[in-house]
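Structure below is start_12.cif: mmCIF, C-alpha atoms and all ligand atoms.
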data_target
loop_
_atom_site.label_atom_id
_atom_site.label_comp_id
_atom_site.auth_asym_id
_atom_site.auth_seq_id
_atom_site.Cartn_x
_atom_site.Cartn_y
_atom_site.Cartn_z
CA MET A 116 40.22 -31.14 -7.47
CA ALA A 117 37.20 -32.77 -5.90
CA GLY A 118 35.98 -34.60 -9.03
CA LEU A 119 36.43 -31.65 -11.38
CA ALA A 120 39.93 -30.62 -12.45
CA ALA A 121 40.72 -26.98 -11.60
CA ASP A 122 41.25 -26.20 -15.27
CA ALA A 123 37.75 -27.53 -15.96
CA VAL A 124 36.00 -25.33 -13.36
CA PRO A 125 35.48 -22.23 -15.58
CA GLY A 126 34.17 -24.54 -18.37
CA ALA A 127 31.69 -26.07 -15.92
CA PHE A 128 30.55 -22.53 -15.06
CA ASP A 129 30.10 -21.84 -18.80
CA LEU A 130 27.52 -24.66 -18.86
CA ALA A 131 25.86 -23.57 -15.62
CA ALA A 132 25.76 -19.84 -16.52
CA PRO A 133 22.18 -19.75 -17.92
CA GLY A 134 20.71 -21.01 -14.64
CA TYR A 135 23.17 -19.40 -12.22
CA ASP A 136 21.20 -16.24 -11.35
CA LEU A 137 18.01 -18.24 -10.84
CA LEU A 138 19.70 -20.66 -8.45
CA VAL A 139 21.57 -18.08 -6.36
CA GLY A 140 18.44 -15.89 -6.27
CA ALA A 141 16.60 -18.81 -4.63
CA ASN A 142 19.19 -18.92 -1.83
CA PRO A 143 17.78 -16.75 0.98
CA GLY A 144 20.31 -14.08 1.89
CA TYR A 145 22.71 -14.70 -1.01
CA HIS A 146 22.69 -11.09 -2.26
CA ARG A 147 22.34 -9.61 1.23
CA GLU A 148 25.45 -11.48 2.43
CA LEU A 149 27.40 -10.37 -0.66
CA ARG A 150 26.57 -6.75 0.16
CA ARG A 151 27.56 -7.24 3.81
CA ALA A 152 30.85 -8.80 2.67
CA ALA A 153 31.52 -5.92 0.26
CA THR A 154 31.20 -3.39 3.11
CA ALA A 155 34.12 -5.18 4.82
CA LEU A 156 36.39 -3.61 2.18
CA GLY A 157 35.95 -0.38 4.17
CA ILE A 158 35.69 1.89 1.13
CA ALA A 159 34.98 5.53 2.08
CA ASP A 160 33.34 8.38 0.12
CA SER A 161 31.16 5.96 -1.90
CA GLY A 162 34.38 4.86 -3.61
CA ALA A 163 35.14 8.22 -5.27
CA GLY A 164 38.63 8.03 -6.82
CA ARG A 165 39.05 4.34 -5.82
CA ARG A 166 39.72 1.29 -8.01
CA LEU A 167 38.17 -2.05 -7.01
CA LEU A 168 38.60 -5.55 -8.43
CA ASP A 169 35.91 -8.25 -8.32
CA LEU A 170 37.89 -11.43 -8.94
CA GLY A 171 35.74 -14.36 -10.08
CA CYS A 172 32.85 -11.95 -10.74
CA GLY A 173 30.71 -14.58 -12.49
CA THR A 174 27.39 -13.17 -13.70
CA GLY A 175 27.97 -9.95 -11.77
CA ALA A 176 26.18 -10.71 -8.47
CA SER A 177 29.28 -9.80 -6.47
CA THR A 178 29.97 -6.85 -8.82
CA ALA A 179 26.50 -5.49 -8.03
CA ALA A 180 27.28 -5.84 -4.32
CA LEU A 181 30.51 -3.84 -4.80
CA LEU A 182 28.63 -1.20 -6.77
CA SER A 183 26.05 -0.87 -4.00
CA VAL A 184 28.74 -0.03 -1.40
CA ALA A 185 31.02 1.97 -3.72
CA PRO A 186 28.85 3.46 -6.50
CA ARG A 187 31.52 6.04 -7.45
CA ALA A 188 34.49 3.64 -7.66
CA GLU A 189 36.00 2.24 -10.84
CA ILE A 190 35.05 -1.46 -10.63
CA ILE A 191 36.64 -4.17 -12.79
CA GLY A 192 35.12 -7.64 -12.83
CA VAL A 193 37.39 -10.51 -13.90
CA ASP A 194 36.35 -14.09 -14.61
CA ALA A 195 37.75 -17.08 -16.50
CA SER A 196 34.33 -18.26 -17.72
CA ALA A 197 33.21 -16.59 -20.96
CA GLY A 198 29.66 -17.85 -20.35
CA MET A 199 29.41 -16.27 -16.91
CA LEU A 200 30.95 -13.00 -18.15
CA LEU A 201 28.50 -12.84 -21.05
CA ARG A 202 25.63 -12.93 -18.54
CA ALA A 203 27.33 -10.20 -16.49
CA ALA A 204 27.99 -7.97 -19.50
CA ARG A 205 24.34 -8.18 -20.67
CA LYS A 206 23.15 -6.47 -17.48
CA PRO A 207 22.82 -2.68 -17.31
CA TRP A 208 25.91 -1.19 -15.64
CA PRO A 209 27.10 2.41 -15.24
CA ASP A 210 30.24 3.48 -17.14
CA ASN A 211 32.47 2.93 -14.08
CA VAL A 212 31.98 -0.88 -14.29
CA SER A 213 33.84 -3.03 -16.82
CA PHE A 214 34.64 -6.71 -17.29
CA VAL A 215 37.78 -8.62 -18.33
CA HIS A 216 37.98 -12.25 -19.41
CA ALA A 217 41.05 -13.66 -17.63
CA ARG A 218 42.17 -16.31 -15.18
CA ALA A 219 43.01 -15.22 -11.67
CA GLU A 220 46.33 -17.03 -12.03
CA GLY A 221 47.56 -14.66 -14.75
CA LEU A 222 46.67 -11.30 -13.23
CA THR A 223 49.74 -9.21 -12.59
CA THR A 224 49.25 -6.00 -14.54
CA LEU A 225 45.72 -4.76 -13.73
CA GLY A 226 46.58 -3.10 -10.39
CA PRO A 227 47.02 -1.25 -8.18
CA PHE A 228 43.67 -1.52 -6.43
CA ASP A 229 42.13 0.07 -3.34
CA GLY A 230 40.27 -3.16 -2.60
CA ILE A 231 39.88 -6.67 -4.03
CA PHE A 232 36.80 -8.82 -3.54
CA ALA A 233 36.68 -12.58 -4.30
CA ALA A 234 33.30 -14.19 -3.60
CA TYR A 235 33.27 -17.99 -3.85
CA LEU A 236 36.50 -18.06 -5.89
CA ILE A 237 39.44 -19.14 -3.70
CA ARG A 238 38.13 -22.68 -3.09
CA ASN A 239 37.94 -23.20 -6.87
CA LEU A 240 41.62 -22.54 -7.52
CA ALA A 241 44.02 -25.45 -8.04
CA ASP A 242 46.65 -23.69 -5.95
CA PRO A 243 45.24 -20.71 -4.00
CA ASP A 244 48.56 -19.58 -2.47
CA PRO A 245 50.22 -18.07 -5.58
CA VAL A 246 46.95 -16.34 -6.48
CA LEU A 247 46.69 -14.89 -2.96
CA ALA A 248 50.28 -13.66 -3.26
CA THR A 249 49.39 -12.07 -6.61
CA ILE A 250 46.31 -10.43 -5.07
CA HIS A 251 48.50 -9.06 -2.28
CA GLY A 252 50.84 -7.59 -4.90
CA LEU A 253 47.93 -5.95 -6.76
CA LEU A 254 46.76 -4.04 -3.67
CA LYS A 255 47.91 -0.61 -2.57
CA PRO A 256 49.56 -0.56 0.87
CA ARG A 257 46.97 -1.09 3.66
CA ALA A 258 44.19 -1.77 1.12
CA ARG A 259 41.93 -4.72 1.99
CA PHE A 260 41.25 -8.08 0.41
CA VAL A 261 37.89 -9.67 1.17
CA ALA A 262 37.23 -13.33 0.42
CA HIS A 263 33.65 -14.48 0.89
CA GLU A 264 33.76 -18.26 1.17
CA TYR A 265 32.11 -21.40 2.50
CA SER A 266 34.31 -22.90 5.21
CA VAL A 267 32.88 -25.73 7.31
CA ARG A 268 35.79 -27.92 8.28
CA ASP A 269 36.24 -26.58 11.81
CA SER A 270 32.64 -27.33 12.74
CA PRO A 271 31.01 -30.79 12.49
CA VAL A 272 27.58 -29.14 12.89
CA ALA A 273 28.21 -26.69 10.03
CA GLY A 274 29.54 -29.55 7.89
CA ALA A 275 26.45 -31.67 8.58
CA ILE A 276 24.06 -28.79 7.75
CA TRP A 277 26.00 -28.07 4.56
CA THR A 278 25.84 -31.71 3.47
CA ALA A 279 22.12 -31.97 4.28
CA VAL A 280 21.25 -28.75 2.43
CA CYS A 281 23.36 -29.75 -0.58
CA TRP A 282 21.84 -33.21 -1.02
CA THR A 283 18.22 -32.23 -0.30
CA VAL A 284 18.05 -28.78 -1.95
CA ILE A 285 21.10 -27.49 -3.87
CA ILE A 286 22.02 -30.56 -5.91
CA PRO A 287 18.39 -31.47 -6.86
CA ALA A 288 17.70 -27.82 -7.81
CA GLY A 289 20.96 -27.72 -9.81
CA VAL A 290 19.95 -30.86 -11.71
CA VAL A 291 16.52 -29.42 -12.53
CA VAL A 292 17.97 -26.12 -13.79
CA THR A 293 21.20 -27.28 -15.48
CA ARG A 294 20.25 -30.93 -16.28
CA SER A 295 23.55 -32.06 -14.76
CA PRO A 296 24.59 -32.83 -11.18
CA LYS A 297 28.27 -32.23 -11.98
CA LEU A 298 28.84 -28.62 -10.87
CA TYR A 299 26.65 -28.97 -7.78
CA THR A 300 28.12 -32.23 -6.49
CA TYR A 301 31.49 -30.54 -7.09
CA LEU A 302 30.26 -27.54 -5.04
CA TRP A 303 29.36 -29.83 -2.12
CA ARG A 304 32.64 -31.75 -2.23
CA SER A 305 34.84 -28.71 -2.81
CA VAL A 306 33.48 -27.10 0.37
CA VAL A 307 33.83 -30.17 2.60
CA SER A 308 37.40 -30.69 1.41
CA PHE A 309 38.52 -27.01 1.52
CA ASP A 310 40.04 -25.00 4.37
CA GLY A 311 38.10 -24.38 7.55
CA VAL A 312 38.07 -20.91 9.08
CA ARG A 313 41.41 -21.28 10.88
CA ALA A 314 43.20 -22.73 7.86
CA LEU A 315 41.96 -20.02 5.50
CA ARG A 316 42.95 -17.29 7.98
CA ASP A 317 46.42 -18.89 8.20
CA ARG A 318 46.60 -19.10 4.43
CA LEU A 319 45.94 -15.36 4.13
CA ARG A 320 48.59 -14.59 6.76
CA ARG A 321 51.27 -16.70 5.10
CA ASN A 322 50.62 -14.88 1.81
CA GLY A 323 51.38 -11.52 3.38
CA PHE A 324 48.05 -10.28 4.75
CA THR A 325 47.85 -8.72 8.20
CA ASP A 326 44.95 -7.94 10.55
CA VAL A 327 43.19 -11.06 9.23
CA ARG A 328 39.64 -11.62 10.51
CA ALA A 329 36.73 -13.94 9.71
CA LEU A 330 33.20 -12.54 10.03
CA PRO A 331 30.24 -14.94 10.23
CA ALA A 332 27.25 -14.76 7.90
CA CYS A 333 23.65 -14.52 9.14
CA GLY A 334 20.64 -16.75 8.57
CA TRP A 335 20.88 -20.43 7.60
CA GLN A 336 24.47 -19.91 6.40
CA ARG A 337 25.73 -18.91 9.86
CA GLY A 338 28.75 -21.10 10.67
CA ILE A 339 28.96 -22.20 7.01
CA LEU A 340 29.70 -18.97 5.12
CA HIS A 341 32.35 -16.49 6.31
CA THR A 342 33.79 -13.23 5.12
CA PHE A 343 37.60 -13.20 5.45
CA VAL A 344 39.26 -9.80 5.61
CA GLY A 345 42.99 -9.14 5.28
CA GLN A 346 45.07 -6.00 4.85
CA ALA A 347 47.98 -5.63 2.45
C1 LIG B 401 30.60 -19.54 -7.60
S1 LIG B 401 31.01 -18.41 -8.89
C2 LIG B 401 30.91 -16.87 -8.01
C3 LIG B 401 30.51 -15.74 -8.90
C4 LIG B 401 30.27 -14.41 -8.17
N1 LIG B 401 31.47 -13.96 -7.50
C5 LIG B 401 29.12 -14.50 -7.20
O1 LIG B 401 29.33 -14.16 -6.03
O2 LIG B 401 28.02 -14.90 -7.58
C6 LIG B 401 32.77 -18.64 -9.05
C7 LIG B 401 33.33 -17.94 -10.28
O3 LIG B 401 34.75 -18.08 -10.25
C8 LIG B 401 35.18 -18.24 -11.60
N2 LIG B 401 36.49 -18.89 -11.59
C9 LIG B 401 36.79 -20.16 -11.23
N3 LIG B 401 38.11 -20.39 -11.37
C10 LIG B 401 38.64 -19.23 -11.83
C11 LIG B 401 39.95 -18.82 -12.15
N4 LIG B 401 40.98 -19.65 -12.04
N5 LIG B 401 40.15 -17.54 -12.57
C12 LIG B 401 39.11 -16.67 -12.67
N6 LIG B 401 37.83 -17.02 -12.41
C13 LIG B 401 37.61 -18.28 -11.98
C14 LIG B 401 34.11 -19.10 -12.23
O4 LIG B 401 34.14 -19.02 -13.64
C15 LIG B 401 32.84 -18.54 -11.60
O5 LIG B 401 32.27 -17.54 -12.40
#

How does this structure look as structure tokens?
Amino acid sequence: MAGLAADAVPGAFDLAAPGYDLLVGANPGYHRELRRAATALGIADSGAGRRLLDLGCGTGASTAALLSVAPRAEIIGVDASAGMLLRAARKPWPDNVSFVHARAEGLTTLGPFDGIFAAYLIRNLADPDPVLATIHGLLKPRARFVAHEYSVRDSPVAGAIWTAVCWTVIIPAGVVVTRSPKLYTYLWRSVVSFDGVRALRDRLRRNGFTDVRALPACGWQRGILHTFVGQA
């Protein structure tokens, strides 16, 4: 997988975990777009009585976005990187938020959920289709799955902006903070080689999701970052 084996991705995040929040915090709109994506789950009543899963929760940035739109829901964050989860668990959370160390590939018993959020996860999986089928099986009928993901392949302009931003800003900043270019060159390559918008929508449909839509992000990430919504 794009210079880093899929099995090695959570280990690479272990190494990058100490600088992760600093780097994503420097990305204008990162947290705002996560919150916008989380609203696409369509959770009513502030989440009262609902169960939500944040798959690939990392240091908890996406978990915080879920909590902001559904403060009364039970929220479970799952990640395969112990280093990222440690950073998440150290933050102050209300009692309705908990974290589980597990790979997305093995999740079959945690459900059912009223919504599942996966921010920047799907592209990192060796084989996304079985995981998407598992996610579909973990959802209650008509509950939504939201995948927030970079997808540039349908647009040469978006691809060129992504490549320029990676090589002039993201990779140099990643080297300064983590002392290694590995995860950030992988980030660049994994995005240029992953599904475009049409392919990811098709992937969701063939794994059982209906009413599939892709919503564009705002700001510099417009055309690069999309929020994919599907219904179980
Ligand atoms: C780019 S981070 C995103 C973290 C968080 N969702 C956010 O929005 O900031 C991707 C996360 O996916 C996790 N991940 C990668 N492969 C995984 C897998 N197979 N199962 C579970 N988590 C995985 C990584 O450990 C990492 O924490």

Quiz item: Quick one: of A:Leu298, A:Ile339, A:Val246, A:Ala152, who's nearest to Tyr265 of chain A, counting only C-alpha atoms?
Solution: A:Ile339

Self-check item: Selection within 7 Å of ligand LIG 401 (chain B) by all atoms listed in the file, output as a VMD selection string
Solution: chain A and resid 124 to 125 128 149 170 to 177 193 to 196 199 217 to 220 233 to 236 239 to 240

Neighbours of Gly192 of chain A within 7 Å (only C-alpha atoms; same-chain residues fewer than 5 positions away dropped), as an mmCIF file with C-alpha atoms, in the coordinates of the input?
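Contents of out.cif, as written:
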data_model
loop_
_atom_site.group_PDB
_atom_site.id
_atom_site.type_symbol
_atom_site.label_atom_id
_atom_site.label_comp_id
_atom_site.auth_asym_id
_atom_site.auth_seq_id
_atom_site.Cartn_x
_atom_site.Cartn_y
_atom_site.Cartn_z
ATOM 1 C CA LEU A 168 38.600 -5.550 -8.430
ATOM 2 C CA ASP A 169 35.910 -8.250 -8.320
ATOM 3 C CA LEU A 170 37.890 -11.430 -8.940
ATOM 4 C CA CYS A 172 32.850 -11.950 -10.740
ATOM 5 C CA THR A 178 29.970 -6.850 -8.820
ATOM 6 C CA SER A 213 33.840 -3.030 -16.820
ATOM 7 C CA PHE A 214 34.640 -6.710 -17.290
ATOM 8 C CA VAL A 215 37.780 -8.620 -18.330
#

Quiz item: For Glu264 of chain A, which residue out of A:Ala332, A:Ala155, A:Val284, A:Leu340 is the nearest one, using all atoms listed in the file?
Solution: A:Leu340

Quick one: residues within 10 Å of Arg304 of chain A, only C-alpha atoms, excluding same-chain residues fewer than 2 positions away - as a PDB file with C-alpha atoms, keeping the file's coordinate frame?
ATOM      1  CA  MET A 116      40.220 -31.140  -7.470  1.00  0.00           C
ATOM      2  CA  ALA A 117      37.200 -32.770  -5.900  1.00  0.00           C
ATOM      3  CA  GLY A 118      35.980 -34.600  -9.030  1.00  0.00           C
ATOM      4  CA  LEU A 119      36.430 -31.650 -11.380  1.00  0.00           C
ATOM      5  CA  THR A 278      25.840 -31.710   3.470  1.00  0.00           C
ATOM      6  CA  CYS A 281      23.360 -29.750  -0.580  1.00  0.00           C
ATOM      7  CA  LEU A 298      28.840 -28.620 -10.870  1.00  0.00           C
ATOM      8  CA  TYR A 299      26.650 -28.970  -7.780  1.00  0.00           C
ATOM      9  CA  THR A 300      28.120 -32.230  -6.490  1.00  0.00           C
ATOM     10  CA  TYR A 301      31.490 -30.540  -7.090  1.00  0.00           C
ATOM     11  CA  LEU A 302      30.260 -27.540  -5.040  1.00  0.00           C
ATOM     12  CA  VAL A 306      33.480 -27.100   0.370  1.00  0.00           C
ATOM     13  CA  VAL A 307      33.830 -30.170   2.600  1.00  0.00           C
ATOM     14  CA  SER A 308      37.400 -30.690   1.410  1.00  0.00           C
ATOM     15  CA  PHE A 309      38.520 -27.010   1.520  1.00  0.00           C
TER      16      PHE A 309
END

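Of the residues under consideration (A:Gly274, A:Pro186, A:Gly198, A:Gly334), A:Gly334 shows the shortest atom-to-atom contact distance to Tyr145 of chain A when counting only C-alpha atoms.
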
Exercise. Find the distance between atom CA of Thr283 of chain A and atom CA of Pro296 of chain A and write it in Å to one decimal.
Key: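 Going from atom CA of Thr283 of chain A over to atom CA of Pro296 of chain A, I get 12.6 Å.
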
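Distances from A:Trp277, A:Ile231, A:Ala121, A:Lys297 to Thr249 of chain A were compared using all atoms listed in the file, and the smallest one belongs to A:Ile231.
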
Let me know the centre plus edge lengths, in Å and rounded to one decimal, of a box with edges along x, y and z that contains all listed atoms of segment 242-256 of chain A and is padded by 6 Å on every side, as lines of an AutoDock Vina configuration file.
center_x = 48.0
center_y = -12.1
center_z = -2.9
size_x = 17.6
size_y = 35.1
size_z = 19.6

Quiz item: What's the 9 Å shell around segment 286-295 of chain A, counting all atoms listed in the file, without same-chain residues fewer than 4 positions away, as a list of chain:residue names?
Solution: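 After dropping sequence-adjacent residues, the list is A:Leu130, A:Ala131, A:Ala132, A:Pro133, A:Gly134, A:Tyr135, A:Leu137, A:Leu138, A:Val280, A:Cys281, A:Trp282, A:Tyr299, A:Thr300, A:Leu302, A:Trp303.
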
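With all atoms listed in the file as the atoms that count, the minimum distance from Arg328 of chain A to the choices A:Arg238, A:Arg187, A:Arg151, A:Arg316 is reached by A:Arg316.
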
Self-check item: d(atom CA of Gly144 of chain A, atom CA of Val312 of chain A) in Å
Solution: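 Computing it gives 20.3 Å between the two atoms.
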